>>> print(open('run.cif').read())   # mmCIF, C-alpha atoms and all ligand atoms
data_data
#
loop_
_atom_site.group_PDB
_atom_site.id
_atom_site.type_symbol
_atom_site.label_atom_id
_atom_site.label_comp_id
_atom_site.auth_asym_id
_atom_site.auth_seq_id
_atom_site.Cartn_x
_atom_site.Cartn_y
_atom_site.Cartn_z
ATOM 1 C CA MET J 13 0.000 0.000 0.000
ATOM 2 C CA SER J 14 1.187 3.507 -0.582
ATOM 3 C CA ALA J 15 0.030 7.099 -0.706
ATOM 4 C CA SER J 16 -0.417 6.704 -4.501
ATOM 5 C CA ASN J 17 -3.150 4.146 -3.764
ATOM 6 C CA LEU J 18 -5.262 7.130 -2.824
ATOM 7 C CA THR J 19 -6.079 7.710 -6.492
ATOM 8 C CA ASN J 20 -5.544 4.175 -7.818
ATOM 9 C CA GLN J 21 -8.983 3.388 -9.249
ATOM 10 C CA ALA J 22 -8.457 -0.375 -9.490
ATOM 11 C CA TYR J 23 -7.191 -0.616 -5.895
ATOM 12 C CA LEU J 24 -10.013 1.585 -4.576
ATOM 13 C CA GLN J 25 -12.796 -0.222 -6.435
ATOM 14 C CA ASN J 26 -11.585 -3.818 -6.173
ATOM 15 C CA ASP J 27 -9.843 -3.794 -2.835
ATOM 16 C CA GLN J 28 -10.173 -0.886 -0.396
ATOM 17 C CA TYR J 29 -13.851 -0.089 -1.172
ATOM 18 C CA LYS J 30 -14.870 -3.486 -2.581
ATOM 19 C CA ASP J 31 -17.159 -3.560 0.433
ATOM 20 C CA ALA J 32 -17.527 -1.433 3.556
ATOM 21 C CA SER J 33 -15.330 -3.477 5.935
ATOM 22 C CA ASN J 34 -12.211 -1.250 5.816
ATOM 23 C CA PHE J 35 -14.310 1.899 5.854
ATOM 24 C CA ASN J 36 -16.351 0.637 8.831
ATOM 25 C CA ALA J 37 -13.192 -0.079 10.875
ATOM 26 C CA ARG J 38 -12.267 3.585 10.514
ATOM 27 C CA LEU J 39 -15.809 4.841 11.017
ATOM 28 C CA GLN J 40 -16.151 2.906 14.274
ATOM 29 C CA LEU J 41 -13.117 4.572 15.815
ATOM 30 C CA HIS J 42 -14.635 7.984 15.066
ATOM 31 C CA GLU J 43 -18.109 6.988 16.237
ATOM 32 C CA ARG J 44 -16.985 5.526 19.551
ATOM 33 C CA TYR J 45 -14.193 7.833 20.644
ATOM 34 C CA SER J 46 -14.851 11.313 19.235
ATOM 35 C CA LEU J 47 -15.034 14.153 21.747
ATOM 36 C CA ASN J 48 -17.504 16.072 19.596
ATOM 37 C CA LYS J 49 -20.689 14.143 20.304
ATOM 38 C CA GLU J 50 -22.716 15.885 17.587
ATOM 39 C CA GLY J 51 -20.643 14.002 15.012
ATOM 40 C CA LEU J 52 -19.400 15.074 11.601
ATOM 41 C CA HIS J 53 -22.382 13.809 9.599
ATOM 42 C CA ARG J 54 -24.949 15.623 11.762
ATOM 43 C CA TRP J 55 -22.882 18.789 11.520
ATOM 44 C CA VAL J 56 -22.557 18.506 7.716
ATOM 45 C CA PHE J 57 -26.318 18.134 7.377
ATOM 46 C CA GLU J 58 -26.849 21.332 9.354
ATOM 47 C CA GLN J 59 -24.627 23.294 6.984
ATOM 48 C CA LEU J 60 -26.713 22.406 3.901
ATOM 49 C CA ASP J 61 -28.375 25.472 2.444
ATOM 50 C CA VAL J 62 -30.755 24.224 -0.250
ATOM 51 C CA PRO J 63 -34.256 25.092 -1.529
ATOM 52 C CA GLN J 64 -37.166 23.396 0.234
ATOM 53 C CA THR J 65 -37.808 21.296 -2.845
ATOM 54 C CA CYS J 66 -34.519 20.287 -4.367
ATOM 55 C CA ARG J 67 -32.376 17.612 -5.962
ATOM 56 C CA ILE J 68 -29.174 16.675 -4.150
ATOM 57 C CA LEU J 69 -26.426 14.460 -5.552
ATOM 58 C CA GLU J 70 -23.880 12.779 -3.304
ATOM 59 C CA LEU J 71 -20.655 11.667 -4.996
ATOM 60 C CA GLY J 72 -18.775 8.781 -3.371
ATOM 61 C CA CYS J 73 -21.589 8.211 -0.868
ATOM 62 C CA GLY J 74 -19.821 5.190 0.647
ATOM 63 C CA ALA J 75 -22.003 3.373 3.151
ATOM 64 C CA GLY J 76 -24.633 6.158 3.136
ATOM 65 C CA GLU J 77 -23.659 7.319 6.606
ATOM 66 C CA LEU J 78 -24.634 10.973 6.061
ATOM 67 C CA TRP J 79 -28.260 10.062 5.393
ATOM 68 C CA TRP J 80 -28.421 7.310 7.992
ATOM 69 C CA GLN J 81 -27.241 9.638 10.745
ATOM 70 C CA ASN J 82 -29.829 12.236 9.736
ATOM 71 C CA ARG J 83 -32.634 9.841 8.852
ATOM 72 C CA GLU J 84 -35.248 11.362 11.168
ATOM 73 C CA ARG J 85 -34.925 14.807 9.613
ATOM 74 C CA LEU J 86 -34.851 14.196 5.868
ATOM 75 C CA PRO J 87 -37.358 16.555 4.225
ATOM 76 C CA PRO J 88 -39.693 14.541 1.976
ATOM 77 C CA ASP J 89 -39.258 17.064 -0.851
ATOM 78 C CA TRP J 90 -35.534 16.419 -1.168
ATOM 79 C CA ALA J 91 -34.799 14.156 -4.133
ATOM 80 C CA ILE J 92 -31.542 12.549 -3.017
ATOM 81 C CA VAL J 93 -29.342 10.751 -5.534
ATOM 82 C CA LEU J 94 -26.653 8.569 -3.941
ATOM 83 C CA SER J 95 -23.737 7.654 -6.170
ATOM 84 C CA ASP J 96 -20.476 5.767 -5.789
ATOM 85 C CA PHE J 97 -18.201 4.019 -8.271
ATOM 86 C CA SER J 98 -18.021 0.934 -6.044
ATOM 87 C CA PRO J 99 -21.074 -1.347 -6.404
ATOM 88 C CA GLY J 100 -20.106 -2.924 -3.043
ATOM 89 C CA MET J 101 -20.310 0.405 -1.212
ATOM 90 C CA LEU J 102 -23.604 1.298 -2.914
ATOM 91 C CA HIS J 103 -24.978 -2.086 -1.924
ATOM 92 C CA GLU J 104 -23.967 -1.423 1.695
ATOM 93 C CA ALA J 105 -25.647 2.002 1.589
ATOM 94 C CA GLN J 106 -28.826 0.531 0.119
ATOM 95 C CA HIS J 107 -28.914 -2.100 2.835
ATOM 96 C CA LYS J 108 -28.298 0.443 5.600
ATOM 97 C CA LEU J 109 -30.883 2.947 4.355
ATOM 98 C CA ARG J 110 -33.631 0.406 3.634
ATOM 99 C CA PRO J 111 -35.433 1.101 6.954
ATOM 100 C CA CYS J 112 -35.480 4.866 6.213
ATOM 101 C CA ASN J 113 -38.730 6.446 5.331
ATOM 102 C CA HIS J 114 -37.268 8.187 2.289
ATOM 103 C CA LEU J 115 -37.092 7.337 -1.394
ATOM 104 C CA PHE J 116 -33.464 7.533 -2.565
ATOM 105 C CA THR J 117 -32.203 7.192 -6.129
ATOM 106 C CA TRP J 118 -29.090 5.065 -6.710
ATOM 107 C CA LEU J 119 -26.353 5.552 -9.272
ATOM 108 C CA THR J 120 -23.179 3.571 -9.881
ATOM 109 C CA ALA J 121 -21.037 6.385 -11.218
ATOM 110 C CA ASP J 122 -17.519 7.744 -11.404
ATOM 111 C CA ALA J 123 -17.344 11.339 -10.194
ATOM 112 C CA GLN J 124 -15.315 12.154 -13.314
ATOM 113 C CA GLN J 125 -18.242 11.253 -15.562
ATOM 114 C CA ILE J 126 -21.541 12.044 -13.892
ATOM 115 C CA PRO J 127 -24.478 10.528 -15.811
ATOM 116 C CA LEU J 128 -26.845 13.448 -15.178
ATOM 117 C CA THR J 129 -27.924 16.277 -17.451
ATOM 118 C CA ASP J 130 -26.549 19.828 -17.336
ATOM 119 C CA ALA J 131 -27.794 22.164 -14.579
ATOM 120 C CA SER J 132 -29.993 19.475 -13.050
ATOM 121 C CA VAL J 133 -29.049 19.471 -9.334
ATOM 122 C CA ASP J 134 -29.263 22.076 -6.573
ATOM 123 C CA ALA J 135 -26.430 20.729 -4.442
ATOM 124 C CA ILE J 136 -23.591 18.238 -4.672
ATOM 125 C CA ILE J 137 -21.997 16.623 -1.638
ATOM 126 C CA ALA J 138 -18.518 15.109 -2.015
ATOM 127 C CA ASN J 139 -17.238 14.157 1.426
ATOM 128 C CA HIS J 140 -13.855 12.555 1.966
ATOM 129 C CA MET J 141 -13.718 11.452 -1.660
ATOM 130 C CA LEU J 142 -12.289 14.182 -3.918
ATOM 131 C CA TYR J 143 -8.767 13.130 -2.901
ATOM 132 C CA HIS J 144 -9.485 9.750 -4.534
ATOM 133 C CA VAL J 145 -10.294 11.254 -7.937
ATOM 134 C CA PRO J 146 -7.349 10.953 -10.354
ATOM 135 C CA ASP J 147 -8.401 13.813 -12.652
ATOM 136 C CA LEU J 148 -9.668 16.549 -10.341
ATOM 137 C CA PRO J 149 -10.150 19.253 -13.026
ATOM 138 C CA ARG J 150 -12.309 16.813 -15.004
ATOM 139 C CA CYS J 151 -14.367 16.098 -11.878
ATOM 140 C CA MET J 152 -14.689 19.832 -11.136
ATOM 141 C CA ALA J 153 -15.866 20.426 -14.719
ATOM 142 C CA GLU J 154 -18.505 17.719 -14.233
ATOM 143 C CA ILE J 155 -19.652 19.207 -10.917
ATOM 144 C CA HIS J 156 -19.878 22.622 -12.579
ATOM 145 C CA ARG J 157 -21.828 21.177 -15.518
ATOM 146 C CA VAL J 158 -24.367 19.285 -13.411
ATOM 147 C CA LEU J 159 -24.987 22.005 -10.795
ATOM 148 C CA LYS J 160 -27.646 24.643 -11.473
ATOM 149 C CA PRO J 161 -26.369 28.240 -11.480
ATOM 150 C CA GLY J 162 -26.358 29.260 -7.803
ATOM 151 C CA GLY J 163 -26.159 25.581 -6.780
ATOM 152 C CA ARG J 164 -23.780 24.555 -4.004
ATOM 153 C CA LEU J 165 -20.969 22.088 -3.596
ATOM 154 C CA TYR J 166 -20.146 20.742 -0.142
ATOM 155 C CA ALA J 167 -16.827 18.925 0.181
ATOM 156 C CA VAL J 168 -15.388 17.601 3.441
ATOM 157 C CA THR J 169 -11.688 16.817 3.613
ATOM 158 C CA ASN J 170 -8.755 16.630 6.032
ATOM 159 C CA GLY J 171 -5.923 18.977 6.896
ATOM 160 C CA ALA J 172 -2.232 18.556 7.718
ATOM 161 C CA ARG J 173 -2.683 17.798 11.432
ATOM 162 C CA HIS J 174 -5.357 15.144 10.934
ATOM 163 C CA LEU J 175 -4.686 12.076 13.125
ATOM 164 C CA GLN J 176 -1.075 13.144 13.506
ATOM 165 C CA GLN J 177 -0.434 10.869 16.496
ATOM 166 C CA LEU J 178 -1.452 7.865 14.361
ATOM 167 C CA GLY J 179 0.941 9.113 11.684
ATOM 168 C CA GLU J 180 3.740 9.023 14.204
ATOM 169 C CA LEU J 181 2.793 5.459 15.121
ATOM 170 C CA TYR J 182 2.788 4.406 11.450
ATOM 171 C CA GLN J 183 6.247 5.838 11.170
ATOM 172 C CA ARG J 184 7.382 3.892 14.198
ATOM 173 C CA PHE J 185 5.619 0.605 13.519
ATOM 174 C CA GLY J 186 6.377 -0.120 9.967
ATOM 175 C CA SER J 187 4.858 1.940 7.193
ATOM 176 C CA ARG J 188 7.537 1.776 4.522
ATOM 177 C CA GLU J 189 6.563 5.170 3.292
ATOM 178 C CA LYS J 190 7.640 8.372 4.975
ATOM 179 C CA ARG J 191 4.655 10.296 6.284
ATOM 180 C CA ASP J 192 5.438 14.018 6.506
ATOM 181 C CA ASP J 193 1.943 15.082 7.497
ATOM 182 C CA ALA J 194 -1.612 13.973 6.812
ATOM 183 C CA THR J 195 -1.745 15.837 3.489
ATOM 184 C CA ALA J 196 1.342 14.165 1.981
ATOM 185 C CA GLY J 197 0.176 12.627 -1.296
ATOM 186 C CA LEU J 198 -3.357 13.981 -0.794
ATOM 187 C CA THR J 199 -4.596 15.870 -3.874
ATOM 188 C CA PHE J 200 -7.533 17.661 -2.220
ATOM 189 C CA HIS J 201 -7.091 18.838 1.373
ATOM 190 C CA LEU J 202 -7.912 21.797 3.604
ATOM 191 C CA GLY J 203 -4.746 23.589 2.512
ATOM 192 C CA ASN J 204 -5.318 23.430 -1.269
ATOM 193 C CA GLY J 205 -9.058 22.813 -1.701
ATOM 194 C CA GLU J 206 -9.845 26.460 -2.343
ATOM 195 C CA ALA J 207 -7.299 26.575 -5.194
ATOM 196 C CA HIS J 208 -8.985 23.553 -6.837
ATOM 197 C CA LEU J 209 -12.473 25.032 -6.450
ATOM 198 C CA ALA J 210 -11.880 28.706 -7.231
ATOM 199 C CA PRO J 211 -11.604 28.317 -11.059
ATOM 200 C CA TRP J 212 -15.094 26.787 -11.144
ATOM 201 C CA MET J 213 -17.024 28.483 -8.348
ATOM 202 C CA THR J 214 -17.968 32.066 -7.518
ATOM 203 C CA GLU J 215 -17.588 31.796 -3.743
ATOM 204 C CA VAL J 216 -15.625 29.338 -1.647
ATOM 205 C CA HIS J 217 -15.798 29.175 2.164
ATOM 206 C CA LEU J 218 -14.074 26.775 4.535
ATOM 207 C CA LYS J 219 -15.765 25.771 7.799
ATOM 208 C CA ARG J 220 -13.785 23.740 10.301
ATOM 209 C CA PHE J 221 -15.192 20.949 12.443
ATOM 210 C CA ASP J 222 -13.674 20.838 15.935
ATOM 211 C CA ASP J 223 -12.989 17.348 17.187
ATOM 212 C CA ALA J 224 -10.428 14.879 18.571
ATOM 213 C CA LEU J 225 -10.332 11.223 19.567
ATOM 214 C CA VAL J 226 -9.691 10.003 23.104
ATOM 215 C CA VAL J 227 -9.318 6.231 22.919
ATOM 216 C CA ASP J 228 -9.006 3.986 25.954
ATOM 217 C CA GLU J 229 -8.767 0.625 24.140
ATOM 218 C CA ALA J 230 -5.966 -0.672 21.944
ATOM 219 C CA GLU J 231 -7.971 -2.872 19.545
ATOM 220 C CA PRO J 232 -10.023 -0.180 17.753
ATOM 221 C CA VAL J 233 -6.838 1.815 17.116
ATOM 222 C CA LEU J 234 -5.178 -1.312 15.741
ATOM 223 C CA ALA J 235 -8.185 -2.078 13.531
ATOM 224 C CA TYR J 236 -8.082 1.460 12.170
ATOM 225 C CA MET J 237 -4.364 1.344 11.512
ATOM 226 C CA CYS J 238 -4.617 -2.031 9.755
ATOM 227 C CA SER J 239 -7.492 -0.943 7.484
ATOM 228 C CA GLY J 240 -4.798 0.041 5.046
ATOM 229 C CA LEU J 241 -5.889 3.007 2.941
ATOM 230 C CA ARG J 242 -2.566 4.852 2.782
ATOM 231 C CA TYR J 243 -0.116 3.474 5.292
ATOM 232 C CA GLN J 244 0.262 0.043 6.768
ATOM 233 C CA VAL J 245 1.568 -1.623 9.847
ATOM 234 C CA GLU J 246 3.980 -4.370 8.828
ATOM 235 C CA PRO J 247 2.469 -7.746 9.875
ATOM 236 C CA ASP J 248 5.337 -8.554 12.234
ATOM 237 C CA ARG J 249 4.899 -5.157 13.957
ATOM 238 C CA VAL J 250 1.221 -5.601 14.875
ATOM 239 C CA GLY J 251 2.146 -7.363 18.155
ATOM 240 C CA PRO J 252 4.653 -4.694 19.270
ATOM 241 C CA LEU J 253 2.183 -1.934 18.294
ATOM 242 C CA ARG J 254 -0.573 -3.575 20.349
ATOM 243 C CA ALA J 255 1.796 -3.844 23.334
ATOM 244 C CA PHE J 256 2.796 -0.192 22.937
ATOM 245 C CA LEU J 257 -0.832 1.003 22.781
ATOM 246 C CA GLU J 258 -1.789 -1.054 25.848
ATOM 247 C CA GLN J 259 1.167 0.346 27.763
ATOM 248 C CA GLU J 260 0.291 3.960 26.829
ATOM 249 C CA ILE J 261 -3.342 3.436 27.856
ATOM 250 C CA ALA J 262 -2.292 1.858 31.182
ATOM 251 C CA ARG J 263 0.044 4.786 31.816
ATOM 252 C CA HIS J 264 -2.159 7.729 30.694
ATOM 253 C CA GLY J 265 -5.688 6.299 30.820
ATOM 254 C CA ALA J 266 -6.216 6.960 27.082
ATOM 255 C CA ILE J 267 -4.571 7.991 23.830
ATOM 256 C CA ARG J 268 -5.471 11.389 22.397
ATOM 257 C CA VAL J 269 -5.520 11.764 18.614
ATOM 258 C CA ASP J 270 -6.039 15.205 17.040
ATOM 259 C CA LYS J 271 -8.398 15.705 14.115
ATOM 260 C CA ASP J 272 -8.107 18.369 11.430
ATOM 261 C CA VAL J 273 -11.315 18.271 9.385
ATOM 262 C CA GLY J 274 -13.361 20.853 7.546
ATOM 263 C CA MET J 275 -15.860 21.426 4.795
ATOM 264 C CA PHE J 276 -15.658 23.641 1.744
ATOM 265 C CA GLU J 277 -18.912 25.241 0.658
ATOM 266 C CA ALA J 278 -18.754 26.639 -2.844
ATOM 267 C CA ILE J 279 -21.378 28.323 -4.997
ATOM 268 C CA ARG J 280 -21.621 27.700 -8.740
HETATM 269 C C1 LIG T 1 -13.719 7.616 2.442
HETATM 270 S S1 LIG T 1 -15.147 7.019 1.619
HETATM 271 C C2 LIG T 1 -16.285 8.331 2.039
HETATM 272 C C3 LIG T 1 -17.716 7.879 2.030
HETATM 273 C C4 LIG T 1 -18.745 8.963 2.371
HETATM 274 N N1 LIG T 1 -18.655 10.097 1.477
HETATM 275 C C5 LIG T 1 -18.632 9.398 3.808
HETATM 276 O O1 LIG T 1 -18.124 10.507 4.052
HETATM 277 O O2 LIG T 1 -19.064 8.652 4.707
HETATM 278 C C6 LIG T 1 -14.798 7.365 -0.095
HETATM 279 C C7 LIG T 1 -15.844 6.824 -1.070
HETATM 280 O O3 LIG T 1 -15.607 7.408 -2.361
HETATM 281 C C8 LIG T 1 -15.772 6.431 -3.367
HETATM 282 N N2 LIG T 1 -15.003 6.857 -4.545
HETATM 283 C C9 LIG T 1 -13.658 6.934 -4.668
HETATM 284 N N3 LIG T 1 -13.323 7.409 -5.878
HETATM 285 C C10 LIG T 1 -14.479 7.636 -6.551
HETATM 286 C C11 LIG T 1 -14.790 8.128 -7.855
HETATM 287 N N4 LIG T 1 -13.845 8.459 -8.718
HETATM 288 N N5 LIG T 1 -16.097 8.249 -8.196
HETATM 289 C C12 LIG T 1 -17.071 7.880 -7.321
HETATM 290 N N6 LIG T 1 -16.837 7.404 -6.087
HETATM 291 C C13 LIG T 1 -15.551 7.280 -5.688
HETATM 292 C C14 LIG T 1 -15.292 5.136 -2.697
HETATM 293 O O4 LIG T 1 -15.809 3.994 -3.331
HETATM 294 C C15 LIG T 1 -15.799 5.306 -1.249
HETATM 295 O O5 LIG T 1 -17.091 4.778 -1.093
#
>>> encode(input="run.cif", output="structure tokens")
Amino acid sequence: MSASNLTNQAYLQNDQYKDASNFNARLQLHERYSLNKEGLHRWVFEQLDVPQTCRILELGCGAGELWWQNRERLPPDWAIVLSDFSPGMLHEAQHKLRPCNHLFTWLTADAQQIPLTDASVDAIIANHMLYHVPDLPRCMAEIHRVLKPGGRLYAVTNGARHLQQLGELYQRFGSREKRDDATAGLTFHLGNGEAHLAPWMTEVHLKRFDDALVVDEAEPVLAYMCSGLRYQVEPDRVGPLRAFLEQEIARHGAIRVDKDVGMFEAIR
């Protein structure tokens, strides 16, 4: 695994996001140990500024977590189109959202080639996925084409300090690749997102989401670190890493991990 896997379509579709198991290992760490109890997906939902009756497209919807976490407050007049290029992730989202009292539309689609007509959606959501897209200008052109004039793009991504303590552990317990900071090898992050968006959008704002992890168990940290999106723990280092985490938790009561997350809101 390497940082270049971040935009390797075959690896992402056939391995990392073949199904939701890797993604869920990471999600669980955030769900169980985040200090901010509102949670990122609830917060994102509150930022959406869309007409009462509207059509919303989510790119790279993953396991559908945004809609699941906000299921009791989905306005019936929102036509929500969930898309992902991984059939396995879409399947997971469909399964998860089945009990919801809302009619979703499903689309297996690459964000670089959106199968919707020009100026046909009021908002596009692209959370934690633009850094996977190999040709970002092509994706931006597609977002611009599909959005109505005045329509909004919402795009969550990470910044340089995101999970920096885990980065230090990767460095120590075996990732072959040097990890300078969380944005190394990341094409779309909090530091450069505005530059990617500005050529296509009239206004771009960045809102930060305040949060950190305080984890008092070794196993969920291990599961996260072995879920292998960018960096990996070498197999023979898993045991020593587990021992180190247990020792740190016994000594300090918990491990604190900083987050550096935010959302760009941009108007077409
Ligand atoms: C980190 S997950 C984020 C899932 C979801 N947006 C969330 O925040 O919970 C990234 C998702 O983007 C999808 N993805 C990656 N590259 C894509 C592309 N070029 N087009 C569409 N989906 C893509 C992956 O299959 C995966 O489901």
>>> atom_distance(input="run.cif", atom1="CA of Gln177 in chain J", atom2="CA of Val56 in chain J")
25.0 Å
>>> residues_near_ligand(input="run.cif", ligand="ligand LIG 1 (chain T)", cutoff="9 Å", atoms="all atoms listed in the file", output="PyMOL selection string")
chain J and resi 18-21+24-25+28-32+35+39+52-53+70-78+95-102+120-126+137-147+151+168
>>> write_last_selection(input="run.cif", atoms="C-alpha atoms", output="PDB file, in the frame of the given file")
ATOM      1  CA  LEU J  18      -5.262   7.130  -2.824  1.00  0.00           C
ATOM      2  CA  THR J  19      -6.079   7.710  -6.492  1.00  0.00           C
ATOM      3  CA  ASN J  20      -5.544   4.175  -7.818  1.00  0.00           C
ATOM      4  CA  GLN J  21      -8.983   3.388  -9.249  1.00  0.00           C
ATOM      5  CA  LEU J  24     -10.013   1.585  -4.576  1.00  0.00           C
ATOM      6  CA  GLN J  25     -12.796  -0.222  -6.435  1.00  0.00           C
ATOM      7  CA  GLN J  28     -10.173  -0.886  -0.396  1.00  0.00           C
ATOM      8  CA  TYR J  29     -13.851  -0.089  -1.172  1.00  0.00           C
ATOM      9  CA  LYS J  30     -14.870  -3.486  -2.581  1.00  0.00           C
ATOM     10  CA  ASP J  31     -17.159  -3.560   0.433  1.00  0.00           C
ATOM     11  CA  ALA J  32     -17.527  -1.433   3.556  1.00  0.00           C
ATOM     12  CA  PHE J  35     -14.310   1.899   5.854  1.00  0.00           C
ATOM     13  CA  LEU J  39     -15.809   4.841  11.017  1.00  0.00           C
ATOM     14  CA  LEU J  52     -19.400  15.074  11.601  1.00  0.00           C
ATOM     15  CA  HIS J  53     -22.382  13.809   9.599  1.00  0.00           C
ATOM     16  CA  GLU J  70     -23.880  12.779  -3.304  1.00  0.00           C
ATOM     17  CA  LEU J  71     -20.655  11.667  -4.996  1.00  0.00           C
ATOM     18  CA  GLY J  72     -18.775   8.781  -3.371  1.00  0.00           C
ATOM     19  CA  CYS J  73     -21.589   8.211  -0.868  1.00  0.00           C
ATOM     20  CA  GLY J  74     -19.821   5.190   0.647  1.00  0.00           C
ATOM     21  CA  ALA J  75     -22.003   3.373   3.151  1.00  0.00           C
ATOM     22  CA  GLY J  76     -24.633   6.158   3.136  1.00  0.00           C
ATOM     23  CA  GLU J  77     -23.659   7.319   6.606  1.00  0.00           C
ATOM     24  CA  LEU J  78     -24.634  10.973   6.061  1.00  0.00           C
ATOM     25  CA  SER J  95     -23.737   7.654  -6.170  1.00  0.00           C
ATOM     26  CA  ASP J  96     -20.476   5.767  -5.789  1.00  0.00           C
ATOM     27  CA  PHE J  97     -18.201   4.019  -8.271  1.00  0.00           C
ATOM     28  CA  SER J  98     -18.021   0.934  -6.044  1.00  0.00           C
ATOM     29  CA  PRO J  99     -21.074  -1.347  -6.404  1.00  0.00           C
ATOM     30  CA  GLY J 100     -20.106  -2.924  -3.043  1.00  0.00           C
ATOM     31  CA  MET J 101     -20.310   0.405  -1.212  1.00  0.00           C
ATOM     32  CA  LEU J 102     -23.604   1.298  -2.914  1.00  0.00           C
ATOM     33  CA  THR J 120     -23.179   3.571  -9.881  1.00  0.00           C
ATOM     34  CA  ALA J 121     -21.037   6.385 -11.218  1.00  0.00           C
ATOM     35  CA  ASP J 122     -17.519   7.744 -11.404  1.00  0.00           C
ATOM     36  CA  ALA J 123     -17.344  11.339 -10.194  1.00  0.00           C
ATOM     37  CA  GLN J 124     -15.315  12.154 -13.314  1.00  0.00           C
ATOM     38  CA  GLN J 125     -18.242  11.253 -15.562  1.00  0.00           C
ATOM     39  CA  ILE J 126     -21.541  12.044 -13.892  1.00  0.00           C
ATOM     40  CA  ILE J 137     -21.997  16.623  -1.638  1.00  0.00           C
ATOM     41  CA  ALA J 138     -18.518  15.109  -2.015  1.00  0.00           C
ATOM     42  CA  ASN J 139     -17.238  14.157   1.426  1.00  0.00           C
ATOM     43  CA  HIS J 140     -13.855  12.555   1.966  1.00  0.00           C
ATOM     44  CA  MET J 141     -13.718  11.452  -1.660  1.00  0.00           C
ATOM     45  CA  LEU J 142     -12.289  14.182  -3.918  1.00  0.00           C
ATOM     46  CA  TYR J 143      -8.767  13.130  -2.901  1.00  0.00           C
ATOM     47  CA  HIS J 144      -9.485   9.750  -4.534  1.00  0.00           C
ATOM     48  CA  VAL J 145     -10.294  11.254  -7.937  1.00  0.00           C
ATOM     49  CA  PRO J 146      -7.349  10.953 -10.354  1.00  0.00           C
ATOM     50  CA  ASP J 147      -8.401  13.813 -12.652  1.00  0.00           C
ATOM     51  CA  CYS J 151     -14.367  16.098 -11.878  1.00  0.00           C
ATOM     52  CA  VAL J 168     -15.388  17.601   3.441  1.00  0.00           C
TER      53      VAL J 168
END
>>> atom_distance(input="run.cif", atom1="CA of Thr195 in chain J", atom2="CA of Glu277 in chain J")
19.8 Å
>>> resolve_selection(input="run.cif", expression="the PyMOL selection byres (((chain J and resi 162) around 6) and not hetatm)", output="PDB file with C-alpha atoms, in the coordinates of the input")
ATOM      1  CA  PRO J 161     -26.369  28.240 -11.480  1.00  0.00           C
ATOM      2  CA  GLY J 163     -26.159  25.581  -6.780  1.00  0.00           C
ATOM      3  CA  ILE J 279     -21.378  28.323  -4.997  1.00  0.00           C
ATOM      4  CA  ARG J 280     -21.621  27.700  -8.740  1.00  0.00           C
TER       5      ARG J 280
END
>>> resolve_selection(input="run.cif", expression="the PyMOL selection byres (((chain J and resi 185) around 9) and not hetatm)", output="ChimeraX atom specification")
/J:180-184,186-187,244-246,249-250,252-253
>>> resolve_selection(input="run.cif", expression="the PyMOL selection byres (((chain J and resi 223-229) around 10) and not hetatm)", output="PDB file with C-alpha atoms, in the coordinates of the input")
ATOM      1  CA  LEU J  41     -13.117   4.572  15.815  1.00  0.00           C
ATOM      2  CA  HIS J  42     -14.635   7.984  15.066  1.00  0.00           C
ATOM      3  CA  GLU J  43     -18.109   6.988  16.237  1.00  0.00           C
ATOM      4  CA  ARG J  44     -16.985   5.526  19.551  1.00  0.00           C
ATOM      5  CA  TYR J  45     -14.193   7.833  20.644  1.00  0.00           C
ATOM      6  CA  SER J  46     -14.851  11.313  19.235  1.00  0.00           C
ATOM      7  CA  LEU J  47     -15.034  14.153  21.747  1.00  0.00           C
ATOM      8  CA  ASN J  48     -17.504  16.072  19.596  1.00  0.00           C
ATOM      9  CA  LYS J  49     -20.689  14.143  20.304  1.00  0.00           C
ATOM     10  CA  GLU J  50     -22.716  15.885  17.587  1.00  0.00           C
ATOM     11  CA  GLY J  51     -20.643  14.002  15.012  1.00  0.00           C
ATOM     12  CA  LEU J  52     -19.400  15.074  11.601  1.00  0.00           C
ATOM     13  CA  HIS J 174      -5.357  15.144  10.934  1.00  0.00           C
ATOM     14  CA  LEU J 175      -4.686  12.076  13.125  1.00  0.00           C
ATOM     15  CA  ARG J 220     -13.785  23.740  10.301  1.00  0.00           C
ATOM     16  CA  PHE J 221     -15.192  20.949  12.443  1.00  0.00           C
ATOM     17  CA  ASP J 222     -13.674  20.838  15.935  1.00  0.00           C
ATOM     18  CA  ALA J 230      -5.966  -0.672  21.944  1.00  0.00           C
ATOM     19  CA  GLU J 231      -7.971  -2.872  19.545  1.00  0.00           C
ATOM     20  CA  PRO J 232     -10.023  -0.180  17.753  1.00  0.00           C
ATOM     21  CA  VAL J 233      -6.838   1.815  17.116  1.00  0.00           C
ATOM     22  CA  LEU J 234      -5.178  -1.312  15.741  1.00  0.00           C
ATOM     23  CA  ARG J 254      -0.573  -3.575  20.349  1.00  0.00           C
ATOM     24  CA  LEU J 257      -0.832   1.003  22.781  1.00  0.00           C
ATOM     25  CA  GLU J 258      -1.789  -1.054  25.848  1.00  0.00           C
ATOM     26  CA  GLU J 260       0.291   3.960  26.829  1.00  0.00           C
ATOM     27  CA  ILE J 261      -3.342   3.436  27.856  1.00  0.00           C
ATOM     28  CA  ALA J 262      -2.292   1.858  31.182  1.00  0.00           C
ATOM     29  CA  HIS J 264      -2.159   7.729  30.694  1.00  0.00           C
ATOM     30  CA  GLY J 265      -5.688   6.299  30.820  1.00  0.00           C
ATOM     31  CA  ALA J 266      -6.216   6.960  27.082  1.00  0.00           C
ATOM     32  CA  ILE J 267      -4.571   7.991  23.830  1.00  0.00           C
ATOM     33  CA  ARG J 268      -5.471  11.389  22.397  1.00  0.00           C
ATOM     34  CA  VAL J 269      -5.520  11.764  18.614  1.00  0.00           C
ATOM     35  CA  ASP J 270      -6.039  15.205  17.040  1.00  0.00           C
ATOM     36  CA  LYS J 271      -8.398  15.705  14.115  1.00  0.00           C
ATOM     37  CA  ASP J 272      -8.107  18.369  11.430  1.00  0.00           C
ATOM     38  CA  VAL J 273     -11.315  18.271   9.385  1.00  0.00           C
TER      39      VAL J 273
END
